[in-house]
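Asks: Can you read through this structure? Questions will come right after.
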Amino acid sequence: MKRGNILVVIPARGGSKGIPRKNIKPFLGTPLLHYAINVGRAVADDSHVILSTDDEEIAKVARQTGLKVPYMRPAELATDHASSRDAILDVMDWAHRQGLQYDRVLLLQPTSPLRTVEDVERTLAAYSPDIDMAVTVKEASCNPYYNCYETDADGFITISKGDGLLTRRQDAPHAWEINGAVYVINPQSLREREMGKFRRRVPVEMDAQRSVDLDTPLDWEIAEAIGRHLNQ
C-alpha cells in the first residue's frame with residue numbers, strides 16, 4: 001500500500017571499492033539498484049522516492065525504472081569519509097525545499113536485494129512517532145551470553161555477558177544483528193543525533209536467509225545463489 005507520508009531515501013554513491021560499480025551491476029540479471037527502487041515505489045509515491053547519488057551513470061540506470069531523479073548528491077557527501085547521516089539530512093533539506101511532506105524516513109540500501117515489500121511493510125507498521133527507529137534485524141550468529149567472548153586484562157577469553165553457565169543457546173536472551181535492509185527513521189531524531197546514538201530502536205526480525213548485505217564479491221556470489229534458490 002502506497003503512503004504519502006514517507007520519504008524514501010536510496011543511497012547509491014559512485015565510489016565502491018569492495019565491488020566496483022556494484023549499484024548498477026546486474027544481480028540475477030537486473031541492475032542491483034532496481035531492487036531498492038521497486039520496493040520503494042511499492043510503498044510510497046514516486047515523488048517521495050529519492051535516489052541519492054553523485055554519479056550520472058547510476059542516475060541513468062535508475063531512470064530505466066521510470067523513476068525521475070531530480071536530486072543529485074553533492075560531491076562532498078559522496079566520499080569515503082562522509083557520514084550516512086549527513087547524506088540523508090541533505091535529502092531531507094532538499095525535500096523540504098520542494099515542499100514534500102513526510103513524517104518518517106525510509107532508508108533502503110541497494111545492497112539488500114532480497115528484501116521484500118512485506119519486510120518494508122512490517123517495519124513501517126512497527127514504527128511510531130515516539131521511537132527513534134524501527135529496523136530489520138536477524139538473529140546474531142554470536143550470542144554474548146552463550147558463545148561470544150572478550151579478552152580480559154590477563155589475555156584470557158571470558159564470556160561477554162552473564163556468568164557463562166548457559167549450556168543451551170535457546171536459554172540465552174535473544175541477540176540481534178542489524179541486517180541493513182530496512183530502516184524507518186524518525187526525522188527529528190536524525191536531526192538531533194547519529195543513528196548509532198538512538199536509544200529507542202524497535203527490532204523487526206527478518207529471515208536470516210534473505211538478510212544479505214553485499215560488500216564483497218563472495219557476498220555477491222552467495223546472495224545470487226540464495227536468490228536463485230528462493231526463485232525456484
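Following the order of the C-alpha cells, first chain is A, next is B, and so on, with residues numbered from 1 inside each chain and ligands from 1 in the order they appear.
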With stretch 197-204 of chain A as the partner and 7 Å as the cut-off, tabulate the residues of stretch 71-186 of chain A that qualify, each row holding the nearest pair of atoms and their distance in Å to one decimal, using only C-alpha atoms, sorted by chain and rising number, as a tab-separated table.
Replies:
```
residue	atom	partner	partner_atom	distance
A:Thr123	CA	A:Val204	CA	6.1
A:Ile131	CA	A:Arg200	CA	5.0
A:Asp132	CA	A:Arg200	CA	5.1
A:Met133	CA	A:Arg201	CA	4.9
A:Ala134	CA	A:Val202	CA	4.6
A:Val135	CA	A:Pro203	CA	5.3
A:Thr136	CA	A:Val204	CA	4.6
A:Val137	CA	A:Val204	CA	5.8
```
Asks: Residues of the last selection are to be written out with N, CA, C and O atoms, as a short mmCIF file (atom, residue, chain, number, x, y, z; two decimals), in the first residue's frame.
Replies:
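Once everything was written out, this is selection-v4.cif:
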```cif
data_model
loop_
_atom_site.label_atom_id
_atom_site.label_comp_id
_atom_site.auth_asym_id
_atom_site.auth_seq_id
_atom_site.Cartn_x
_atom_site.Cartn_y
_atom_site.Cartn_z
N THR A 123 8.08 -3.34 8.86
CA THR A 123 8.91 -2.37 9.58
C THR A 123 8.17 -1.04 9.70
O THR A 123 8.25 -0.37 10.75
N ILE A 131 9.30 6.71 18.92
CA ILE A 131 10.57 5.98 18.92
C ILE A 131 11.52 6.66 17.94
O ILE A 131 11.14 7.54 17.17
N ASP A 132 12.78 6.23 17.99
CA ASP A 132 13.78 6.79 17.07
C ASP A 132 13.79 6.06 15.73
O ASP A 132 13.96 6.68 14.68
N MET A 133 13.58 4.74 15.79
CA MET A 133 13.72 3.97 14.56
C MET A 133 13.16 2.56 14.73
O MET A 133 13.26 1.96 15.79
N ALA A 134 12.56 2.05 13.65
CA ALA A 134 12.26 0.62 13.54
C ALA A 134 13.22 0.09 12.48
O ALA A 134 13.42 0.72 11.43
N VAL A 135 13.83 -1.06 12.74
CA VAL A 135 14.90 -1.54 11.86
C VAL A 135 14.87 -3.05 11.76
O VAL A 135 14.57 -3.75 12.74
N THR A 136 15.16 -3.57 10.57
CA THR A 136 15.18 -5.01 10.39
C THR A 136 16.45 -5.60 10.98
O THR A 136 17.53 -5.02 10.89
N VAL A 137 16.27 -6.79 11.58
CA VAL A 137 17.39 -7.49 12.21
C VAL A 137 17.31 -8.97 11.85
O VAL A 137 16.29 -9.46 11.37
#
```
Asks: For stretch 225-231 of chain A, please output as a PyMOL selection string all residues within 9 Å (counting only C-alpha atoms; exclusion window: fewer than 2 positions along the same chain).
Replies: chain A and resi 28+113-114+209-210+220-223
Asks: Filtering to all heavy atoms, could you give me those residues as a compact mmCIF listing (two decimals), in the first residue's frame?
Replies:
```
# COMPACT_ATOMS: atom_id res chain seq x y z
N LEU A 28 21.33 -11.18 -10.63
CA LEU A 28 20.35 -12.10 -11.23
C LEU A 28 19.70 -11.46 -12.46
O LEU A 28 18.50 -11.60 -12.70
CB LEU A 28 19.29 -12.51 -10.20
CG LEU A 28 19.79 -13.32 -9.00
CD1 LEU A 28 18.64 -13.61 -8.04
CD2 LEU A 28 20.45 -14.63 -9.45
N PRO A 113 19.28 -6.82 -1.82
CA PRO A 113 18.34 -7.09 -2.91
C PRO A 113 17.28 -8.14 -2.60
O PRO A 113 16.29 -8.25 -3.32
CB PRO A 113 19.25 -7.56 -4.05
CG PRO A 113 20.42 -8.18 -3.35
CD PRO A 113 20.64 -7.32 -2.14
N LEU A 114 17.46 -8.94 -1.54
CA LEU A 114 16.50 -9.99 -1.21
C LEU A 114 15.42 -9.51 -0.23
O LEU A 114 14.55 -10.28 0.18
CB LEU A 114 17.21 -11.22 -0.65
CG LEU A 114 18.26 -11.85 -1.59
CD1 LEU A 114 18.84 -13.11 -0.98
CD2 LEU A 114 17.67 -12.14 -2.97
N GLN A 209 18.06 -16.00 5.96
CA GLN A 209 18.48 -16.40 4.63
C GLN A 209 18.46 -15.22 3.66
O GLN A 209 19.31 -15.12 2.77
CB GLN A 209 17.58 -17.52 4.11
CG GLN A 209 18.07 -18.18 2.83
CD GLN A 209 17.18 -19.32 2.41
OE1 GLN A 209 15.97 -19.26 2.52
NE2 GLN A 209 17.78 -20.40 1.92
N ARG A 210 17.50 -14.32 3.84
CA ARG A 210 17.40 -13.17 2.95
C ARG A 210 18.13 -11.94 3.47
O ARG A 210 18.12 -10.89 2.82
CB ARG A 210 15.92 -12.83 2.71
CG ARG A 210 15.17 -13.89 1.92
CD ARG A 210 13.75 -13.49 1.57
NE ARG A 210 12.91 -13.32 2.76
CZ ARG A 210 12.59 -12.17 3.31
NH1 ARG A 210 13.05 -11.04 2.79
NH2 ARG A 210 11.83 -12.11 4.38
N TRP A 220 28.37 -11.44 -2.96
CA TRP A 220 27.55 -11.37 -4.18
C TRP A 220 27.23 -12.79 -4.68
O TRP A 220 26.07 -13.09 -5.00
CB TRP A 220 28.28 -10.57 -5.25
CG TRP A 220 27.44 -10.18 -6.41
CD1 TRP A 220 27.01 -10.99 -7.43
CD2 TRP A 220 26.91 -8.89 -6.68
NE1 TRP A 220 26.25 -10.28 -8.31
CE2 TRP A 220 26.17 -8.98 -7.88
CE3 TRP A 220 26.98 -7.66 -6.02
CZ2 TRP A 220 25.52 -7.88 -8.45
CZ3 TRP A 220 26.34 -6.57 -6.58
CH2 TRP A 220 25.62 -6.69 -7.78
N GLU A 221 28.24 -13.63 -4.76
CA GLU A 221 28.04 -15.00 -5.26
C GLU A 221 27.06 -15.76 -4.37
O GLU A 221 26.16 -16.46 -4.86
CB GLU A 221 29.37 -15.74 -5.33
CG GLU A 221 30.31 -15.24 -6.41
CD GLU A 221 31.57 -16.09 -6.51
OE1 GLU A 221 31.51 -17.28 -6.14
OE2 GLU A 221 32.60 -15.56 -6.96
N ILE A 222 27.22 -15.62 -3.06
CA ILE A 222 26.33 -16.31 -2.12
C ILE A 222 24.91 -15.79 -2.25
O ILE A 222 23.95 -16.56 -2.28
CB ILE A 222 26.85 -16.15 -0.68
CG1 ILE A 222 28.19 -16.89 -0.52
CG2 ILE A 222 25.82 -16.68 0.32
CD1 ILE A 222 28.87 -16.63 0.81
N ALA A 223 24.76 -14.47 -2.34
CA ALA A 223 23.42 -13.87 -2.43
C ALA A 223 22.71 -14.30 -3.71
O ALA A 223 21.50 -14.57 -3.70
CB ALA A 223 23.53 -12.35 -2.36
```
Asks: Quick one: pick out all strand (DSSP E or B) residues within stretch 3-221 of chain A from a backbone DSSP run and write them as JSON, numbers by chain.
Replies: {"A": [3, 6, 7, 8, 9, 10, 11, 26, 27, 30, 31, 44, 49, 50, 51, 52, 104, 105, 106, 107, 133, 134, 135, 136, 137, 138, 139, 149, 150, 151, 157, 158, 159, 176, 177, 178, 179, 180, 181, 182, 183, 184, 185, 201, 202, 203, 204, 205]}
Asks: Tell me which of A:Val212, A:Val120, A:Leu33, A:Cys142 sits closest to A:Gln64, counting only C-alpha atoms.
Replies: A:Leu33
Asks: Can you work out the spacing between atom CA of A:Arg85 and atom CA of A:Met195 in Å, to one decimal?
Replies: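 Taking atom CA of A:Arg85 and atom CA of A:Met195, their separation equals 7.5 Å.
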Asks: Ranking A:Asp119, A:Asp54, A:Asp45, A:Glu76 by minimum distance to A:Val184 and counting only C-alpha atoms, which one comes first?
Replies: A:Asp119
Asks: Under the rule that only C-alpha atoms are counted, which of A:Glu205, A:Asp86, A:Asp93, A:Asp154 is the nearest residue to A:Glu139?
Replies: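 Checking each of A:Glu205, A:Asp86, A:Asp93, A:Asp154 against A:Glu139, counting only C-alpha atoms, the winner is A:Glu205.
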